[in-house]
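Participant: Below is the file query_3.csv, which contains CSV, C-alpha atoms.
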```
chain,number,residue,atom,x,y,z
A,80,MET,CA,-31.1,-11.5,10.9
A,81,SER,CA,-28.8,-8.5,10.2
A,82,GLU,CA,-26.4,-8.1,7.3
A,83,PHE,CA,-24.1,-11.1,6.8
A,84,VAL,CA,-20.4,-10.2,7.3
A,85,LYS,CA,-18.6,-13.5,7.1
A,86,ALA,CA,-19.2,-16.8,5.3
A,87,GLU,CA,-17.4,-20.1,5.0
A,88,GLY,CA,-18.1,-23.5,3.4
A,89,ILE,CA,-18.3,-25.9,6.3
A,90,SER,CA,-19.0,-29.2,4.5
A,91,LYS,CA,-20.3,-30.5,1.2
A,92,ASN,CA,-23.3,-28.4,0.3
A,93,ARG,CA,-23.4,-26.2,3.5
A,94,VAL,CA,-22.4,-22.6,4.0
A,95,ARG,CA,-22.2,-20.9,7.4
A,96,TYR,CA,-23.0,-17.2,7.5
A,97,THR,CA,-22.4,-14.9,10.4
A,98,ASP,CA,-24.3,-11.7,10.6
A,99,SER,CA,-23.2,-8.4,12.1
A,100,SER,CA,-24.7,-9.2,15.5
A,101,GLY,CA,-22.9,-12.5,15.7
A,102,ARG,CA,-25.9,-14.8,14.9
A,103,VAL,CA,-25.0,-17.8,12.7
A,104,PHE,CA,-27.1,-19.2,9.9
A,105,ILE,CA,-26.5,-22.4,7.9
A,106,TYR,CA,-27.6,-22.5,4.3
A,107,SER,CA,-28.0,-26.1,3.1
A,108,LYS,CA,-29.5,-28.0,0.1
A,109,GLY,CA,-30.5,-25.9,-2.9
A,110,THR,CA,-27.7,-25.1,-5.3
A,111,TRP,CA,-24.4,-23.3,-4.9
A,112,ALA,CA,-25.7,-20.3,-6.7
A,113,TRP,CA,-28.4,-19.9,-3.9
A,114,ARG,CA,-26.3,-21.1,-1.0
A,115,ASN,CA,-23.5,-18.5,-1.9
A,116,ASN,CA,-25.9,-15.7,-2.8
A,117,ASN,CA,-24.0,-15.9,-6.1
A,118,PRO,CA,-26.5,-16.2,-9.0
A,119,GLY,CA,-23.7,-16.0,-11.6
A,120,ASN,CA,-21.6,-18.7,-10.0
A,121,ILE,CA,-18.6,-16.3,-10.0
A,122,ARG,CA,-15.4,-17.8,-8.8
A,123,LYS,CA,-12.8,-16.1,-6.6
A,124,PRO,CA,-12.0,-13.0,-8.6
A,125,GLY,CA,-8.5,-11.6,-9.4
A,126,LYS,CA,-6.8,-9.4,-6.8
A,127,ASP,CA,-7.6,-6.2,-8.7
A,128,THR,CA,-11.2,-7.1,-9.5
A,129,LYS,CA,-13.7,-4.8,-7.8
A,130,LEU,CA,-16.7,-6.9,-6.9
A,131,ASP,CA,-18.4,-5.6,-3.7
A,132,GLY,CA,-20.0,-7.8,-1.1
A,133,ILE,CA,-17.7,-10.9,-1.2
A,134,ILE,CA,-17.6,-12.2,2.4
A,135,GLY,CA,-16.0,-15.6,1.9
A,136,TYR,CA,-15.6,-18.6,-0.5
A,137,ALA,CA,-17.3,-21.9,-0.6
A,138,GLY,CA,-17.3,-24.7,-3.2
A,139,GLY,CA,-14.8,-22.9,-5.3
A,140,PHE,CA,-17.0,-19.8,-5.6
A,141,SER,CA,-17.4,-16.4,-4.0
A,142,VAL,CA,-20.0,-16.0,-1.3
A,143,PHE,CA,-21.8,-12.6,-1.2
A,144,SER,CA,-23.4,-10.9,1.7
A,145,SER,CA,-26.9,-11.1,0.2
A,146,TYR,CA,-28.6,-12.2,-3.0
A,147,GLU,CA,-28.8,-8.5,-4.0
A,148,THR,CA,-25.1,-8.0,-3.7
A,149,GLY,CA,-24.5,-11.2,-5.6
A,150,PHE,CA,-26.8,-10.1,-8.4
A,151,ILE,CA,-25.1,-6.7,-8.5
A,152,ALA,CA,-21.8,-8.5,-8.8
A,153,LEU,CA,-23.0,-10.4,-11.8
A,154,GLN,CA,-24.1,-7.1,-13.4
A,155,THR,CA,-20.8,-5.5,-12.5
A,156,LEU,CA,-18.9,-8.4,-14.2
A,157,LEU,CA,-21.0,-8.2,-17.4
A,158,LYS,CA,-20.5,-4.4,-17.4
A,159,LYS,CA,-16.7,-4.7,-17.5
A,160,ASP,CA,-15.0,-3.7,-20.8
A,161,PHE,CA,-14.1,-7.3,-21.7
A,162,TYR,CA,-17.8,-8.3,-21.8
A,163,GLN,CA,-19.3,-4.9,-22.9
A,164,ASN,CA,-17.6,-5.1,-26.3
A,165,LEU,CA,-18.9,-8.6,-27.0
A,166,SER,CA,-22.2,-9.6,-28.6
A,167,LEU,CA,-24.6,-11.8,-26.5
A,168,PHE,CA,-23.4,-14.7,-28.6
A,169,GLU,CA,-19.7,-14.1,-27.9
A,170,ALA,CA,-20.4,-13.2,-24.2
A,171,VAL,CA,-22.1,-16.6,-23.6
A,172,LYS,CA,-19.2,-18.4,-25.3
A,173,LYS,CA,-16.9,-16.7,-22.9
A,174,TYR,CA,-19.0,-17.1,-19.8
A,175,ALA,CA,-19.9,-20.7,-20.4
A,176,PRO,CA,-17.6,-22.1,-23.2
A,177,ALA,CA,-19.0,-24.5,-25.7
A,178,LYS,CA,-18.7,-28.1,-24.5
A,179,ASP,CA,-17.7,-31.1,-26.5
A,180,ASN,CA,-20.8,-33.0,-25.4
A,181,ASN,CA,-23.3,-30.2,-25.6
A,182,ASP,CA,-22.3,-27.0,-27.1
A,183,VAL,CA,-23.2,-23.5,-26.1
A,184,LYS,CA,-26.3,-23.3,-28.1
A,185,ASN,CA,-28.5,-24.5,-25.2
A,186,TYR,CA,-27.3,-21.5,-23.1
A,187,GLN,CA,-27.8,-19.2,-26.0
A,188,LYS,CA,-31.3,-20.6,-26.7
A,189,ILE,CA,-32.4,-19.9,-23.2
A,190,LEU,CA,-30.8,-16.5,-23.3
A,191,ALA,CA,-32.7,-15.6,-26.5
A,192,GLN,CA,-36.0,-16.9,-25.1
A,193,VAL,CA,-35.7,-15.0,-21.8
A,194,THR,CA,-34.3,-11.8,-23.2
A,195,LYS,CA,-36.0,-11.8,-26.6
A,196,ILE,CA,-32.9,-10.0,-27.9
A,197,GLU,CA,-30.9,-10.9,-31.0
A,198,LEU,CA,-27.7,-12.7,-30.0
A,199,SER,CA,-25.7,-10.5,-32.3
A,200,THR,CA,-26.5,-7.5,-30.2
A,201,LYS,CA,-23.5,-6.0,-28.3
A,202,ILE,CA,-23.9,-6.0,-24.5
A,203,LYS,CA,-23.0,-2.3,-24.4
A,204,SER,CA,-26.0,-1.5,-26.6
A,205,LEU,CA,-28.6,-3.1,-24.3
A,206,ASN,CA,-30.8,-0.8,-22.4
A,207,GLU,CA,-31.1,-1.2,-18.6
A,208,ALA,CA,-34.2,-3.4,-18.8
A,209,GLN,CA,-32.6,-5.7,-21.4
A,210,PHE,CA,-29.4,-5.9,-19.4
A,211,LEU,CA,-31.4,-7.0,-16.3
A,212,LEU,CA,-33.1,-9.7,-18.4
A,213,LEU,CA,-29.7,-10.9,-19.6
A,214,CYS,CA,-28.5,-11.2,-15.9
A,215,LYS,CA,-31.7,-13.0,-15.0
A,216,ALA,CA,-31.2,-15.4,-17.9
A,217,VAL,CA,-27.7,-16.2,-16.7
A,218,GLN,CA,-29.1,-16.8,-13.2
A,219,ARG,CA,-31.6,-19.2,-14.7
A,220,VAL,CA,-29.1,-21.2,-16.7
A,221,GLU,CA,-26.7,-21.4,-13.7
A,222,GLY,CA,-29.5,-22.9,-11.6
A,223,PHE,CA,-30.6,-20.8,-8.7
A,224,ARG,CA,-32.6,-23.1,-6.5
A,225,PRO,CA,-33.3,-22.3,-2.9
A,226,GLY,CA,-32.7,-24.8,-0.1
A,227,GLU,CA,-33.0,-24.5,3.7
A,228,VAL,CA,-31.8,-21.8,6.2
A,229,LYS,CA,-31.4,-22.7,9.8
A,230,GLU,CA,-30.1,-20.6,12.6
A,231,GLU,CA,-27.3,-22.2,14.6
A,232,LEU,CA,-28.0,-21.2,18.1
A,233,PRO,CA,-25.2,-21.0,20.6
A,234,LYS,CA,-25.0,-24.0,22.8
A,235,LYS,CA,-25.6,-23.6,26.6
A,236,LYS,CA,-23.5,-25.1,29.4
A,237,ILE,CA,-24.8,-27.1,32.4
A,238,LEU,CA,-23.6,-25.1,35.4
A,239,ASP,CA,-25.0,-27.2,38.2
A,240,VAL,CA,-27.4,-30.1,39.0
A,241,LYS,CA,-29.8,-31.0,41.8
A,242,LYS,CA,-30.1,-34.6,42.9
A,243,ASN,CA,-32.9,-36.5,44.8
A,244,LYS,CA,-32.3,-38.8,47.8
A,245,GLN,CA,-31.6,-41.7,45.4
A,246,ASN,CA,-28.8,-39.6,44.0
A,247,LEU,CA,-30.6,-39.2,40.6
A,248,ILE,CA,-30.4,-35.8,38.8
A,249,ILE,CA,-33.8,-34.1,38.9
A,250,GLN,CA,-32.9,-30.5,37.9
A,251,TYR,CA,-30.2,-28.8,35.8
A,252,LEU,CA,-28.9,-25.2,36.1
A,253,ILE,CA,-28.5,-24.1,32.5
A,254,GLU,CA,-26.5,-21.0,31.4
A,255,GLY,CA,-29.1,-18.4,30.4
A,256,TYR,CA,-32.1,-20.6,31.4
A,257,GLY,CA,-31.8,-21.0,35.1
A,258,TRP,CA,-33.0,-24.3,36.8
A,259,ILE,CA,-35.0,-26.6,34.6
A,260,ARG,CA,-36.4,-30.1,35.0
A,261,LYS,CA,-34.6,-33.1,33.5
A,262,THR,CA,-37.2,-33.6,30.8
A,263,GLU,CA,-36.8,-30.0,29.6
A,264,ALA,CA,-33.0,-30.5,29.6
A,265,VAL,CA,-33.4,-33.6,27.4
A,266,ASN,CA,-35.5,-31.5,25.0
A,267,LEU,CA,-32.8,-28.9,24.8
A,268,VAL,CA,-30.1,-31.6,24.0
A,269,GLU,CA,-32.4,-32.9,21.2
A,270,LYS,CA,-32.7,-29.4,19.8
A,271,ILE,CA,-28.9,-29.2,19.9
A,272,LEU,CA,-29.0,-26.2,22.1
A,273,LEU,CA,-27.4,-27.9,25.1
A,274,MET,CA,-24.0,-29.5,25.4
A,275,PRO,CA,-24.7,-33.1,26.4
B,75,MET,CA,40.0,2.8,2.3
B,76,LYS,CA,38.1,5.3,0.2
B,77,ILE,CA,39.1,3.5,-3.0
B,78,HIS,CA,37.9,0.2,-1.5
B,79,PHE,CA,34.6,1.7,-0.6
B,80,ILE,CA,34.1,3.1,-4.2
B,81,ILE,CA,35.0,-0.3,-5.7
B,82,PHE,CA,32.6,-2.1,-3.3
B,83,SER,CA,29.8,0.4,-4.2
B,84,LEU,CA,30.4,-0.1,-7.9
B,85,PHE,CA,30.3,-3.9,-7.4
B,86,LEU,CA,27.0,-3.6,-5.6
B,87,PHE,CA,25.6,-1.3,-8.3
B,88,ALA,CA,26.6,-3.8,-11.0
B,89,CYS,CA,25.0,-6.7,-9.1
B,90,SER,CA,21.8,-4.8,-8.7
B,91,ALA,CA,21.7,-3.7,-12.3
B,92,SER,CA,22.4,-7.3,-13.5
B,93,SER,CA,19.7,-8.7,-11.1
B,94,GLU,CA,17.1,-6.1,-12.4
B,95,LYS,CA,18.0,-7.0,-16.0
B,96,GLN,CA,17.6,-10.7,-15.2
B,97,SER,CA,14.3,-10.1,-13.5
B,98,SER,CA,13.0,-8.0,-16.4
B,99,SER,CA,14.2,-10.6,-18.9
B,100,LEU,CA,12.3,-13.3,-16.9
B,101,LYS,CA,9.2,-11.1,-16.9
B,102,GLU,CA,9.4,-10.6,-20.6
B,103,LYS,CA,9.1,-14.3,-21.1
B,104,CYS,CA,5.6,-14.3,-19.5
B,105,LEU,CA,2.6,-14.3,-21.9
B,106,ASN,CA,0.0,-11.5,-21.8
B,107,TYR,CA,-3.8,-11.8,-21.4
B,108,GLU,CA,-6.1,-10.6,-24.2
B,109,PRO,CA,-6.1,-8.6,-26.4
B,110,LYS,CA,-2.5,-9.7,-27.1
B,111,LYS,CA,-2.3,-12.9,-29.2
B,112,VAL,CA,-0.3,-15.8,-27.8
B,113,GLN,CA,0.9,-19.2,-29.0
B,114,LEU,CA,0.9,-22.4,-26.9
B,115,GLU,CA,2.3,-25.8,-27.5
B,116,GLY,CA,1.3,-29.0,-25.7
B,117,GLU,CA,-0.7,-32.2,-25.6
B,118,LEU,CA,-4.4,-31.8,-26.5
B,119,TYR,CA,-6.8,-33.8,-24.4
B,120,LYS,CA,-10.4,-33.8,-23.2
B,121,LYS,CA,-11.7,-34.0,-19.7
B,122,SER,CA,-15.1,-34.4,-18.1
B,123,PHE,CA,-16.2,-31.9,-15.3
B,124,PRO,CA,-19.3,-31.6,-13.2
B,125,GLY,CA,-21.2,-28.5,-14.2
B,126,PRO,CA,-24.4,-26.7,-13.0
B,127,PRO,CA,-26.1,-26.6,-10.6
B,128,ASN,CA,-23.6,-27.9,-8.0
B,129,TYR,CA,-20.4,-28.3,-10.0
B,130,GLU,CA,-19.6,-31.4,-7.8
B,131,ASP,CA,-20.9,-34.7,-9.0
B,132,ILE,CA,-22.3,-35.8,-12.4
B,133,LYS,CA,-23.8,-38.9,-10.8
B,134,SER,CA,-25.8,-36.8,-8.4
B,135,GLY,CA,-27.4,-34.8,-11.2
B,136,ASP,CA,-24.9,-32.1,-12.2
B,137,GLU,CA,-24.6,-31.5,-15.9
B,138,GLU,CA,-21.6,-33.1,-17.5
B,139,GLU,CA,-19.2,-30.6,-19.1
B,140,ILE,CA,-16.6,-32.1,-21.4
B,141,TYR,CA,-13.9,-29.6,-22.3
B,142,TRP,CA,-10.7,-29.7,-24.2
B,143,LEU,CA,-7.5,-28.7,-22.5
B,144,ILE,CA,-3.9,-28.4,-23.4
B,145,LYS,CA,-1.0,-29.6,-21.2
B,146,THR,CA,1.8,-27.3,-22.3
B,147,THR,CA,5.2,-28.7,-23.1
B,148,LYS,CA,6.8,-26.2,-20.7
B,149,PRO,CA,5.2,-24.3,-17.7
B,150,PHE,CA,4.5,-20.7,-18.5
B,151,CYS,CA,3.5,-17.5,-16.7
B,152,VAL,CA,1.2,-14.6,-17.5
B,153,ASN,CA,1.6,-10.9,-16.8
B,154,LYS,CA,-1.0,-9.0,-14.7
B,155,SER,CA,-3.6,-7.3,-16.8
B,156,SER,CA,-5.8,-4.4,-15.8
B,157,TYR,CA,-8.0,-4.9,-18.9
B,158,VAL,CA,-9.2,-8.4,-18.0
B,159,GLU,CA,-8.3,-7.9,-14.3
B,160,GLY,CA,-6.2,-11.0,-14.4
B,161,ASP,CA,-3.5,-11.7,-11.8
B,162,GLU,CA,0.1,-12.4,-12.6
B,163,LEU,CA,0.4,-16.2,-12.5
B,164,HIS,CA,3.3,-18.6,-12.7
B,165,GLY,CA,3.8,-22.2,-13.2
B,166,LEU,CA,0.8,-22.7,-15.5
B,167,SER,CA,0.6,-25.9,-17.5
B,168,GLU,CA,-3.0,-26.6,-18.1
B,169,VAL,CA,-5.3,-24.4,-20.2
B,170,GLN,CA,-8.9,-24.8,-21.1
B,171,LEU,CA,-9.8,-24.2,-24.7
B,172,VAL,CA,-12.7,-21.9,-25.6
B,173,VAL,CA,-13.9,-22.7,-29.1
B,174,ASP,CA,-16.8,-22.0,-31.3
B,175,GLY,CA,-18.8,-25.1,-30.8
B,176,LEU,CA,-19.4,-28.7,-32.0
B,177,ASP,CA,-18.2,-28.0,-35.6
B,178,PHE,CA,-14.8,-27.0,-34.3
B,179,TYR,CA,-14.6,-30.0,-32.0
B,180,ASN,CA,-15.6,-32.4,-34.8
B,181,SER,CA,-13.1,-30.9,-37.2
B,182,LYS,CA,-10.2,-31.2,-34.8
B,183,ARG,CA,-11.1,-34.4,-32.9
B,184,HIS,CA,-8.3,-36.3,-34.7
B,185,LEU,CA,-5.7,-34.1,-32.9
B,186,LEU,CA,-6.7,-35.3,-29.4
B,187,GLY,CA,-3.7,-37.0,-27.7
B,188,LYS,CA,-1.3,-35.2,-30.1
B,189,ILE,CA,1.1,-32.4,-29.5
B,190,VAL,CA,-0.5,-29.3,-31.0
B,191,VAL,CA,0.2,-25.6,-31.5
B,192,LEU,CA,-2.6,-23.3,-30.8
B,193,SER,CA,-2.9,-19.5,-31.1
B,194,GLY,CA,-5.5,-17.2,-29.5
B,195,THR,CA,-6.0,-14.9,-26.5
B,196,LEU,CA,-5.8,-15.6,-22.8
B,197,PHE,CA,-8.3,-14.6,-20.1
B,198,PRO,CA,-8.5,-15.5,-16.4
B,199,GLN,CA,-11.0,-17.9,-14.8
B,200,ILE,CA,-14.1,-16.1,-13.8
B,201,THR,CA,-17.1,-18.4,-13.8
B,202,GLY,CA,-17.9,-22.0,-12.7
B,203,HIS,CA,-17.6,-23.1,-16.3
B,204,HIS,CA,-13.9,-22.1,-16.3
B,205,LYS,CA,-11.9,-25.1,-15.1
B,206,THR,CA,-8.3,-23.8,-15.3
B,207,GLU,CA,-6.8,-20.6,-13.9
B,208,VAL,CA,-6.3,-19.2,-17.4
B,209,LEU,CA,-8.3,-20.0,-20.6
B,210,ILE,CA,-7.5,-19.5,-24.2
B,211,THR,CA,-10.0,-18.3,-26.8
B,212,VAL,CA,-8.7,-20.4,-29.7
B,213,GLU,CA,-8.1,-18.9,-33.2
B,214,THR,CA,-6.0,-21.6,-34.7
B,215,LEU,CA,-5.2,-25.2,-33.7
B,216,GLU,CA,-2.8,-27.3,-35.6
B,217,LYS,CA,-0.6,-30.4,-35.1
B,218,ALA,CA,2.9,-29.4,-34.0
B,219,ASN,CA,5.8,-30.1,-36.3
B,220,GLU,CA,7.5,-33.4,-35.3
```
Go ahead and render the structure in this file as structure tokens.
Facilitator:
Amino acid sequence: MSEFVKAEGISKNRVRYTDSSGRVFIYSKGTWAWRNNNPGNIRKPGKDTKLDGIIGYAGGFSVFSSYETGFIALQTLLKKDFYQNLSLFEAVKKYAPAKDNNDVKNYQKILAQVTKIELSTKIKSLNEAQFLLLCKAVQRVEGFRPGEVKEELPKKKILDVKKNKQNLIIQYLIEGYGWIRKTEAVNLVEKILLMP
Amino acid sequence: MKIHFIIFSLFLFACSASSEKQSSSLKEKCLNYEPKKVQLEGELYKKSFPGPPNYEDIKSGDEEEIYWLIKTTKPFCVNKSSYVEGDELHGLSEVQLVVDGLDFYNSKRHLLGKIVVLSGTLFPQITGHHKTEVLITVETLEKANE
């Protein structure tokens, strides 16, 4: 597949990607973070927010052209001034506010375990390796679980048929395939490659 | 004829000046995003939302996220901000509260369902844990005067 250039949510838990050559791929199952190439579960940003690689929206979140661009977007977000001046403790509180049923400590605990950094440390004082660990920790807490990718192949049309003396169809002329026997045509329908 | 034209021009100028003044006064009523402090008044309530990993359905295994929100007494607007990269928004009436943790919740639980006044700073929705277009990092939360 080439680089994805467009994406849309097509039903619950499915995202349709189109690549630069027009091929279509369906991401299903897994989690939104994976299906949207959005490990930080970033929503649709403000009009002036510069986050590269957004090619659509699904499930209330941005969809990125690749996992890499989505991960870079998470880094870009956490490198903005309004996060840089916060400590890890404060940043988590802002990223995933404390809940009434289960406060932010769980998020902070995982963050501390993964990064091994004191939560009082300001984000701007992290070195590059520590900063990457922070982003990986966010990805982990958000739940990045892969699902299935299937290519949606373009459906072919039946252009003509050949019949026997009993007037039963024995061969089909299929767009892009030529003449094929009835059994092969049935197989194509089952593979959802042929319009029934 | 010339005098009529001058009077008409003056009238148009006056209308335009008045409309600009009106629009700027309307704009002045909008609140600002952080770092400016703001005050909101409204009913305090809590609501359950589906959280990670799919932000869709708690029964299907998504984490339950119970947050406190305020339904403001009057709709409000916020001005655009380059600092937090927030859009100018109008007609806002629900705001998610960002607080320190369970200690805060427990100390203010008696205010649920009441009209409260809270102060703090506003920021725009960014992540899946943000349930309203604008959120407030709460500094103080008190019962409103009746």
Participant: I'd like the neighbourhood of Lys154 (chain B) as number ranges by chain, where a residue qualifies if any of its atoms comes within 9 Å (using only C-alpha atoms), though same-chain residues fewer than 6 positions away should be ignored.
Facilitator: B: 106-107, 160-163
Participant: Mind listing as a list in words which residues of chain A are within 6 Å of chain B, counting all atoms listed in the file?
Facilitator: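 Here they are: Thr110, Trp111, Asn120, Ile121, Arg122, Gly125, Asp127, Thr128, Ala175, Pro176, Ala177, Lys178, Asp179, Asn180, Asp182, Glu221 and Gly222 of chain A.
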Participant: Which value, in Å to one decimal, gives the distance between CA of Lys235 (chain A) and CA of Glu82 (chain A)?
Facilitator: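 The value is 24.8 Å.
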Participant: Measuring atom to atom with all atoms listed in the file, identify which of A:Lys201, A:Lys195, A:Lys229, A:Lys184 is nearest to Ala170 (chain A).
Facilitator: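 Checking each of A:Lys201, A:Lys195, A:Lys229, A:Lys184 against Ala170 (chain A), counting all atoms listed in the file, the winner is A:Lys201.
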Participant: Let me make sure I understand: among A:Arg224, A:Lys108, A:Arg114, A:Lys159, which one has the smallest atom-to-atom distance to Phe140 (chain A) if we use only C-alpha atoms?
Facilitator: A:Arg114
Participant: For region 188-191 of chain A, work out the shell of residues within 7 Å, counting all atoms listed in the file and skipping chain neighbours fewer than 5 positions away, then give it as a PyMOL selection string.
Facilitator: chain A and resi 196-198+213+216
Participant: As an exercise, work out the distance from CA of Lys241 (chain A) to CA of Asn266 (chain A) in Å and give it to one decimal place.
Facilitator: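 Computing it gives 17.7 Å between the two atoms.
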Participant: As an exercise, work out the distance from CA of Ala218 (chain B) to CA of Lys110 (chain B) in Å and give it to one decimal place.
Facilitator: 21.6 Å
Participant: Around the point (-3.7, -34.7, -20.4), in the coordinates given by the file, pick out the residues reaching within 8 Å, counting all atoms listed in the file, and return them as an MDAnalysis selection string.
Facilitator: chainID B and resid 117:120 143:145 187
Participant: Output the selection as a PDB file, in the frame of the given file - C-alpha atoms for each residue.
Facilitator:
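The resulting file, result11.pdb, is shown below:
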```pdb
ATOM      1  CA  GLU B 117      -0.700 -32.200 -25.600  1.00  0.00           C
ATOM      2  CA  LEU B 118      -4.400 -31.800 -26.500  1.00  0.00           C
ATOM      3  CA  TYR B 119      -6.800 -33.800 -24.400  1.00  0.00           C
ATOM      4  CA  LYS B 120     -10.400 -33.800 -23.200  1.00  0.00           C
ATOM      5  CA  LEU B 143      -7.500 -28.700 -22.500  1.00  0.00           C
ATOM      6  CA  ILE B 144      -3.900 -28.400 -23.400  1.00  0.00           C
ATOM      7  CA  LYS B 145      -1.000 -29.600 -21.200  1.00  0.00           C
ATOM      8  CA  GLY B 187      -3.700 -37.000 -27.700  1.00  0.00           C
TER       9      GLY B 187
END
```
Participant: Smallest atom-to-atom distance to Leu212 (chain A): which of A:Asn92, A:Gln154, A:Thr262, A:Ser100, using only C-alpha atoms?
Facilitator: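 Smallest distance to Leu212 (chain A) is found for A:Gln154.
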Participant: List the spatial neighbours of Gly149 (chain A) as a ChimeraX atom specification - criterion: any atom at most 8 Å away, only C-alpha atoms, same-chain residues fewer than 6 positions off excluded.
Facilitator: /A:116-119,132,142-143
